[in-house]
Every structure is written in C-alpha cells, then in structure tokens.
$ cat run14.txt   # compact mmCIF, C-alpha atoms
# COMPACT_ATOMS: atom_id res chain seq x y z
CA LYS K 12 16.35 -1.16 -5.64
CA GLN K 13 14.25 -2.99 -3.06
CA GLU K 14 12.22 -5.93 -4.33
CA VAL K 15 9.60 -7.80 -2.34
CA THR K 16 8.39 -11.29 -3.19
CA GLN K 17 5.49 -13.16 -1.67
CA ILE K 18 4.95 -16.89 -1.78
CA PRO K 19 2.56 -18.48 -2.47
CA ALA K 20 0.61 -16.25 -4.84
CA ALA K 21 -2.60 -18.05 -3.91
CA LEU K 22 -3.62 -20.44 -1.18
CA SER K 23 -6.85 -22.31 -0.44
CA VAL K 24 -7.24 -24.22 2.82
CA PRO K 25 -10.10 -25.62 4.90
CA GLU K 26 -11.36 -23.69 7.86
CA GLY K 27 -9.51 -24.29 11.13
CA GLU K 28 -6.06 -24.85 9.69
CA ASN K 29 -3.01 -22.92 10.75
CA LEU K 30 -1.15 -21.38 7.85
CA VAL K 31 1.97 -19.44 7.00
CA LEU K 32 2.43 -16.74 4.37
CA ASN K 33 5.93 -15.89 3.26
CA CYS K 34 7.58 -12.62 2.28
CA SER K 35 11.16 -11.97 1.20
CA PHE K 36 12.99 -8.75 0.42
CA THR K 37 16.30 -8.06 -1.27
CA ASP K 38 17.71 -5.13 0.72
CA SER K 39 18.02 -5.63 4.48
CA ALA K 40 18.36 -1.88 5.13
CA ILE K 41 14.77 -1.37 6.28
CA TYR K 42 12.94 0.75 8.84
CA ASN K 43 10.06 -1.64 9.21
CA LEU K 44 7.91 -4.25 7.53
CA GLN K 45 4.14 -4.14 7.42
CA TRP K 46 1.54 -6.78 6.69
CA PHE K 47 -1.72 -5.56 5.17
CA ARG K 48 -5.02 -7.15 4.35
CA GLN K 49 -6.98 -6.14 1.25
CA ASP K 50 -10.57 -7.20 0.66
CA PRO K 51 -11.98 -7.10 -2.89
CA GLY K 52 -12.73 -3.55 -3.99
CA LYS K 53 -11.42 -2.14 -0.74
CA GLY K 54 -8.38 -0.33 0.53
CA LEU K 55 -5.59 -1.77 2.62
CA THR K 56 -5.92 -2.47 6.32
CA SER K 57 -2.72 -2.56 8.33
CA LEU K 58 -2.48 -5.80 10.34
CA LEU K 59 0.97 -5.73 11.90
CA LEU K 60 4.06 -3.54 11.77
CA ILE K 61 7.45 -4.91 12.79
CA GLN K 62 10.28 -2.49 13.45
CA SER K 63 13.69 -3.41 12.08
CA SER K 64 14.91 -4.01 15.64
CA GLN K 65 12.09 -6.41 16.45
CA ARG K 66 11.76 -10.12 15.78
CA GLU K 67 8.00 -10.52 15.88
CA GLN K 68 4.63 -8.92 16.52
CA THR K 69 1.35 -10.53 17.54
CA SER K 70 -2.25 -9.46 17.22
CA GLY K 71 -4.94 -11.97 18.13
CA ARG K 72 -4.61 -14.98 15.87
CA LEU K 73 -1.92 -13.30 13.78
CA ASN K 74 1.80 -13.49 14.38
CA ALA K 75 4.40 -11.90 12.13
CA SER K 76 8.11 -12.59 12.35
CA LEU K 77 11.06 -10.77 10.85
CA ASP K 78 14.55 -12.02 10.05
CA LYS K 79 16.18 -8.92 8.66
CA SER K 80 19.56 -10.49 7.98
CA SER K 81 18.06 -13.12 5.71
CA GLY K 82 15.48 -10.75 4.24
CA ARG K 83 12.45 -12.78 5.30
CA SER K 84 9.18 -12.37 7.11
CA THR K 85 6.33 -14.75 7.77
CA LEU K 86 2.71 -14.15 8.70
CA TYR K 87 1.23 -16.94 10.76
CA ILE K 88 -2.55 -17.23 10.94
CA ALA K 89 -3.86 -19.57 13.61
CA ALA K 90 -7.19 -21.39 13.44
CA SER K 91 -8.17 -19.86 10.11
CA GLN K 92 -11.77 -18.72 9.52
CA PRO K 93 -13.72 -17.96 6.33
CA GLY K 94 -13.59 -14.28 7.30
CA ASP K 95 -9.83 -14.41 6.89
CA SER K 96 -10.30 -14.78 3.13
CA ALA K 97 -8.58 -11.81 1.50
CA THR K 98 -5.36 -10.79 -0.19
CA TYR K 99 -2.44 -10.34 2.20
CA LEU K 100 0.27 -7.89 1.24
CA CYS K 101 3.74 -7.52 2.65
CA ALA K 102 5.41 -4.10 2.39
CA VAL K 103 8.82 -2.80 3.36
CA ALA K 104 9.88 0.71 4.34
CA SER K 105 13.48 1.01 3.22
CA SER K 106 16.06 3.10 5.01
CA GLY K 107 18.77 2.84 2.40
CA GLY K 108 18.55 6.29 0.89
CA GLY K 109 15.46 5.55 -1.15
CA ALA K 110 11.93 6.83 -0.99
CA ASP K 111 10.10 6.82 2.30
CA GLY K 112 7.24 5.07 0.63
CA LEU K 113 6.56 1.38 0.89
CA THR K 114 7.67 -1.32 -1.52
CA PHE K 115 4.98 -3.95 -1.83
CA GLY K 116 4.92 -7.58 -2.76
CA LYS K 117 2.19 -8.72 -5.13
CA GLY K 118 0.30 -10.44 -2.36
CA THR K 119 -1.03 -13.84 -1.40
CA HIS K 120 -4.67 -14.43 -2.30
CA LEU K 121 -6.06 -16.52 0.55
CA ILE K 122 -9.30 -18.50 0.48
CA ILE K 123 -10.54 -20.25 3.61
CA GLN K 124 -13.07 -22.90 2.74
CA PRO K 125 -15.99 -23.27 5.20
CA ASP C 3 -11.59 9.12 13.94
CA ALA C 4 -11.96 9.69 10.23
CA GLY C 5 -9.49 7.78 8.11
CA VAL C 6 -7.96 8.81 4.82
CA ILE C 7 -10.73 9.99 2.54
CA GLN C 8 -10.49 9.70 -1.23
CA SER C 9 -12.82 10.93 -3.92
CA PRO C 10 -14.29 9.95 -6.23
CA ARG C 11 -14.53 6.23 -5.46
CA HIS C 12 -15.03 5.42 -9.11
CA GLU C 13 -14.24 7.41 -12.24
CA VAL C 14 -14.97 6.43 -15.80
CA THR C 15 -13.90 8.79 -18.53
CA GLU C 16 -12.80 8.85 -22.11
CA MET C 17 -9.26 8.90 -23.34
CA GLY C 18 -7.82 12.40 -23.57
CA GLN C 19 -9.89 13.83 -20.72
CA GLU C 20 -8.38 15.37 -17.62
CA VAL C 21 -8.80 13.36 -14.44
CA THR C 22 -8.42 14.74 -10.92
CA LEU C 23 -8.25 12.47 -7.89
CA ARG C 24 -8.57 13.89 -4.41
CA CYS C 25 -7.32 12.91 -0.99
CA LYS C 26 -7.82 14.13 2.55
CA PRO C 27 -5.21 12.67 4.91
CA ILE C 28 -5.72 11.90 8.58
CA SER C 29 -5.53 15.08 10.61
CA GLY C 30 -2.08 15.57 12.12
CA HIS C 31 -0.28 13.30 9.70
CA ASP C 32 2.69 14.93 8.03
CA TYR C 33 3.37 12.41 5.28
CA LEU C 34 1.11 11.75 2.31
CA PHE C 35 1.65 9.09 -0.32
CA TRP C 36 0.04 8.31 -3.67
CA TYR C 37 0.15 4.70 -4.91
CA ARG C 38 -1.20 2.96 -8.00
CA GLN C 39 -2.36 -0.67 -8.09
CA THR C 40 -2.62 -2.76 -11.25
CA MET C 41 -2.88 -6.47 -11.78
CA MET C 42 0.39 -6.58 -13.68
CA ARG C 43 2.57 -4.42 -11.46
CA GLY C 44 0.87 -4.57 -8.07
CA LEU C 45 1.10 -1.52 -5.80
CA GLU C 46 3.63 1.10 -6.77
CA LEU C 47 4.57 4.36 -5.10
CA LEU C 48 4.01 7.36 -7.37
CA ILE C 49 4.92 10.35 -5.21
CA TYR C 50 5.02 11.40 -1.58
CA PHE C 51 4.90 14.64 0.37
CA ASN C 52 6.27 15.69 3.73
CA ASN C 53 4.72 18.77 5.32
CA ASN C 54 3.03 19.55 1.98
CA VAL C 55 6.32 19.51 0.06
CA PRO C 56 6.90 16.88 -2.66
CA ILE C 57 9.91 14.81 -1.63
CA ASP C 58 10.17 12.11 -4.29
CA ASP C 59 8.21 11.93 -7.53
CA SER C 60 10.44 9.38 -9.22
CA GLY C 61 7.53 6.95 -9.41
CA MET C 62 5.36 9.26 -11.48
CA PRO C 63 5.13 7.45 -14.80
CA GLU C 64 5.01 10.39 -17.19
CA ASP C 65 4.70 14.15 -17.41
CA ARG C 66 0.98 13.64 -17.89
CA PHE C 67 0.83 12.95 -14.15
CA SER C 68 1.08 15.73 -11.59
CA ALA C 69 0.35 15.99 -7.88
CA LYS C 70 -0.13 18.88 -5.52
CA MET C 71 -0.64 19.38 -1.83
CA PRO C 72 -1.77 22.98 -1.28
CA ASN C 73 -2.32 22.46 2.45
CA ALA C 74 -2.02 19.83 5.16
CA SER C 75 -5.55 18.52 4.63
CA PHE C 76 -5.79 18.14 0.87
CA SER C 77 -3.93 16.65 -2.06
CA THR C 78 -4.73 16.05 -5.72
CA LEU C 79 -3.36 13.72 -8.36
CA LYS C 80 -4.06 14.87 -11.88
CA ILE C 81 -3.71 13.06 -15.19
CA GLN C 82 -3.84 15.15 -18.34
CA PRO C 83 -4.42 13.83 -20.93
CA SER C 84 -5.59 10.44 -19.70
CA GLU C 85 -4.89 7.20 -21.59
CA PRO C 86 -6.41 3.69 -21.31
CA ARG C 87 -3.17 2.36 -19.72
CA ASP C 88 -3.77 4.72 -16.80
CA SER C 89 -6.70 2.55 -15.74
CA ALA C 90 -5.94 1.32 -12.23
CA VAL C 91 -6.86 1.79 -8.60
CA TYR C 92 -5.17 4.84 -7.10
CA PHE C 93 -4.60 4.89 -3.36
CA CYS C 94 -3.71 7.71 -1.05
CA ALA C 95 -2.06 6.99 2.30
CA SER C 96 -0.87 9.10 5.20
CA SER C 97 1.35 8.61 8.21
CA PHE C 98 2.86 10.42 11.15
CA ARG C 99 6.43 9.42 10.74
CA ARG C 100 8.94 9.08 13.55
CA VAL C 101 12.03 7.46 12.13
CA GLY C 102 9.92 4.98 10.23
CA ASN C 103 8.06 3.47 13.14
CA GLN C 104 4.56 4.50 12.16
CA PRO C 105 2.20 2.57 9.91
CA GLN C 106 0.74 4.05 6.78
CA HIS C 107 -3.02 4.37 6.71
CA PHE C 108 -4.72 3.89 3.36
CA GLY C 109 -7.90 5.28 1.86
CA ASP C 110 -10.37 3.06 0.00
CA GLY C 111 -8.93 4.10 -3.33
CA THR C 112 -10.25 5.52 -6.58
CA ARG C 113 -11.00 2.98 -9.29
CA LEU C 114 -10.17 4.72 -12.55
CA SER C 115 -11.26 3.44 -15.94
CA ILE C 116 -10.14 5.23 -19.10
CA LEU C 117 -12.11 4.16 -22.16
$ encode --input "run14.txt" --output "structure tokens"
Amino acid sequence: KQEVTQIPAALSVPEGENLVLNCSFTDSAIYNLQWFRQDPGKGLTSLLLIQSSQREQTSGRLNASLDKSSGRSTLYIAASQPGDSATYLCAVASSGGGADGLTFGKGTHLIIQP
Amino acid sequence: DAGVIQSPRHEVTEMGQEVTLRCKPISGHDYLFWYRQTMMRGLELLIYFNNNVPIDDSGMPEDRFSAKMPNASFSTLKIQPSEPRDSAVYFCASSFRRVGNQPQHFGDGTRLSIL
C-alpha cells in the first residue's frame, strides 16, 4: 500500500527566503506526483504535476523535482511571499494495480512572516 | 470554465440523520473521485467512478456510506445513518485521464458536522 510522508509538518520563515518542502513515497510504481496548495476552509489547487518519466516541473517561483527511484520529491519556493502561506500537499497517483485515486501526504503548513 | 461544484458547502445535522452530498464534475471529465479530509487521517480516497461506473469503493468506511453517479454531470455521496465520527470535509474531484497524465481538479468541499 502506497504511503506518502511530508516533512516538515510545519514551517515558518521570513518573507524573501527560498525554501524546500519534502515529500517521500514508499512505492515507486507511480503515474505521476502532484503538488497542491490548500488555503484554510478552501479546496485544493493543483500547483504542479510531474509525470513519472519527468525529473522536474516549473511554474513561476515554484519548482518541483521527482526522483522516482528513491521515492522522493521536493517543492522549491523561491523568494517566498506572505501570500504563499498555506498548506502544501503532495499526492501520488500509483500505477501498481491499486486505485486510480491519489494518495496524499498530511501536508506542510507554511507560514511566511511579513 | 466552471470548476467542480459541490453542495452544500456546510452541513450541520444531528446524529442518525441522513446526509446527502452533491457534486457536479467538470464537463467532459470521465473520472470522478470522492475524498474525505480529517485532522487525524488527512485526505483519503473513498470511492471513484469512471464513465459513471464505480471502479473502487474500498475506501468507503462502512455500509452506512453509499455513492452514486446517475449521469456524467452529477454524483452523490450519502451517509445513512450519520454518526459524529463522520464529521469531516468531503471533497469531490474530477479528471480527464489519459494514462495518468492529467491532474485532478477539486471542488471547495462540504464541511460536515454531525452533532
């Protein structure tokens, strides 16, 4: 059964810093990995999707990498802003005979201090 | 373009009552997913449909939970009878799947409180 772990669970940094959020998964048989953002009381917004054949994806100040063999992904946020404060969730779509749904980590709660 | 639409946004009801959550997926999407989010367990997949057919309901916690998708534009998740431990945020998501290379799009969720 796929398990997804995110470290750290919470992070508070001053505005302007570059930061890295970590995600690990136990089964490397995946279709893709997605990073989501969730604001309080809101749904999930997809930030980046990395196919299993890809190494990284970039969108603006966000860069996500994937090392499938080691079961790891990182989300890099450059020049952080207070508006980046949210919970960031990593989710994996497994290809190993399981459900087509996503397996989620419990998220990293990020606070960017002005 | 309209995203995934869920209703109601909030539901407060008493233990033992029937609860029905509704979802309208993005037009053209052929996969629909129901997830539940709690503080203790995070986001968990309950059930998903492909072309209106339930494919995997192994995440449905108990027989009190049931889901239907009568057509491509509507799905319901029903809890009968409801219990306080069912309190959570329930999300619906949809995708147009091509060998797993499409993102899932989520609704804003239904915050359910069972008293």
$ closest_residue --input "run14.txt" --among "C:Pro27, C:Gly44, C:Gly18, C:Gly5" --to "Gly118 (chain K)" --atoms "only C-alpha atoms"
C:Gly44
$ residues_around --input "run14.txt" --residues "region 52-66 of chain C" --least-positions-apart "4" --cutoff "12 Å" --atoms "all atoms listed in the file" --output "ChimeraX atom specification"
/K:108-114 /C:18-22,27,30-38,45-48,70-85,87-88,96-99
$ closest_residue --input "run14.txt" --among "K:Leu44, K:Ile122, K:Ile18, K:Leu73" --to "chain C" --atoms "all atoms listed in the file"
K:Leu44
$ atom_distance --input "run14.txt" --atom1 "CA of Arg48 (chain K)" --atom2 "CA of Ala69 (chain C)"
26.7 Å
$ atom_distance --input "run14.txt" --atom1 "CA of Thr119 (chain K)" --atom2 "CA of His107 (chain C)"
20.0 Å
$ interface_residues --input "run14.txt" --of "chain K" --to "chain C" --cutoff "6 Å" --atoms "all atoms listed in the file" --output "PyMOL selection string"
chain K and resi 42+53-55+117
$ atom_distance --input "run14.txt" --atom1 "CA of Ala90 (chain C)" --atom2 "CA of Ile61 (chain K)"
29.1 Å
$ closest_residue --input "run14.txt" --among "K:Ser76, K:Gln92, K:Ser106, K:Gln124" --to "Asn29 (chain K)" --atoms "all atoms listed in the file"
K:Gln92
$ residues_around --input "run14.txt" --residues "Arg83 (chain K)" --least-positions-apart "6" --cutoff "12 Å" --atoms "only C-alpha atoms" --output "PyMOL selection string"
chain K and resi 14-18+32-39+41+44+61+63+66-67+75-77+101-103
$ closest_residue --input "run14.txt" --among "K:Pro93, K:Pro125, K:Gly27, K:Gly82" --to "Asn43 (chain K)" --atoms "all atoms listed in the file"
K:Gly82
$ closest_residue --input "run14.txt" --among "K:Gly116, K:Leu86, K:Ile123, K:Leu58" --to "Ala104 (chain K)" --atoms "all atoms listed in the file"
K:Gly116
$ residues_around --input "run14.txt" --residues "Ser89 (chain C)" --least-positions-apart "2" --cutoff "7 Å" --atoms "all atoms listed in the file" --output "ChimeraX atom specification"
/C:86-87,114-116
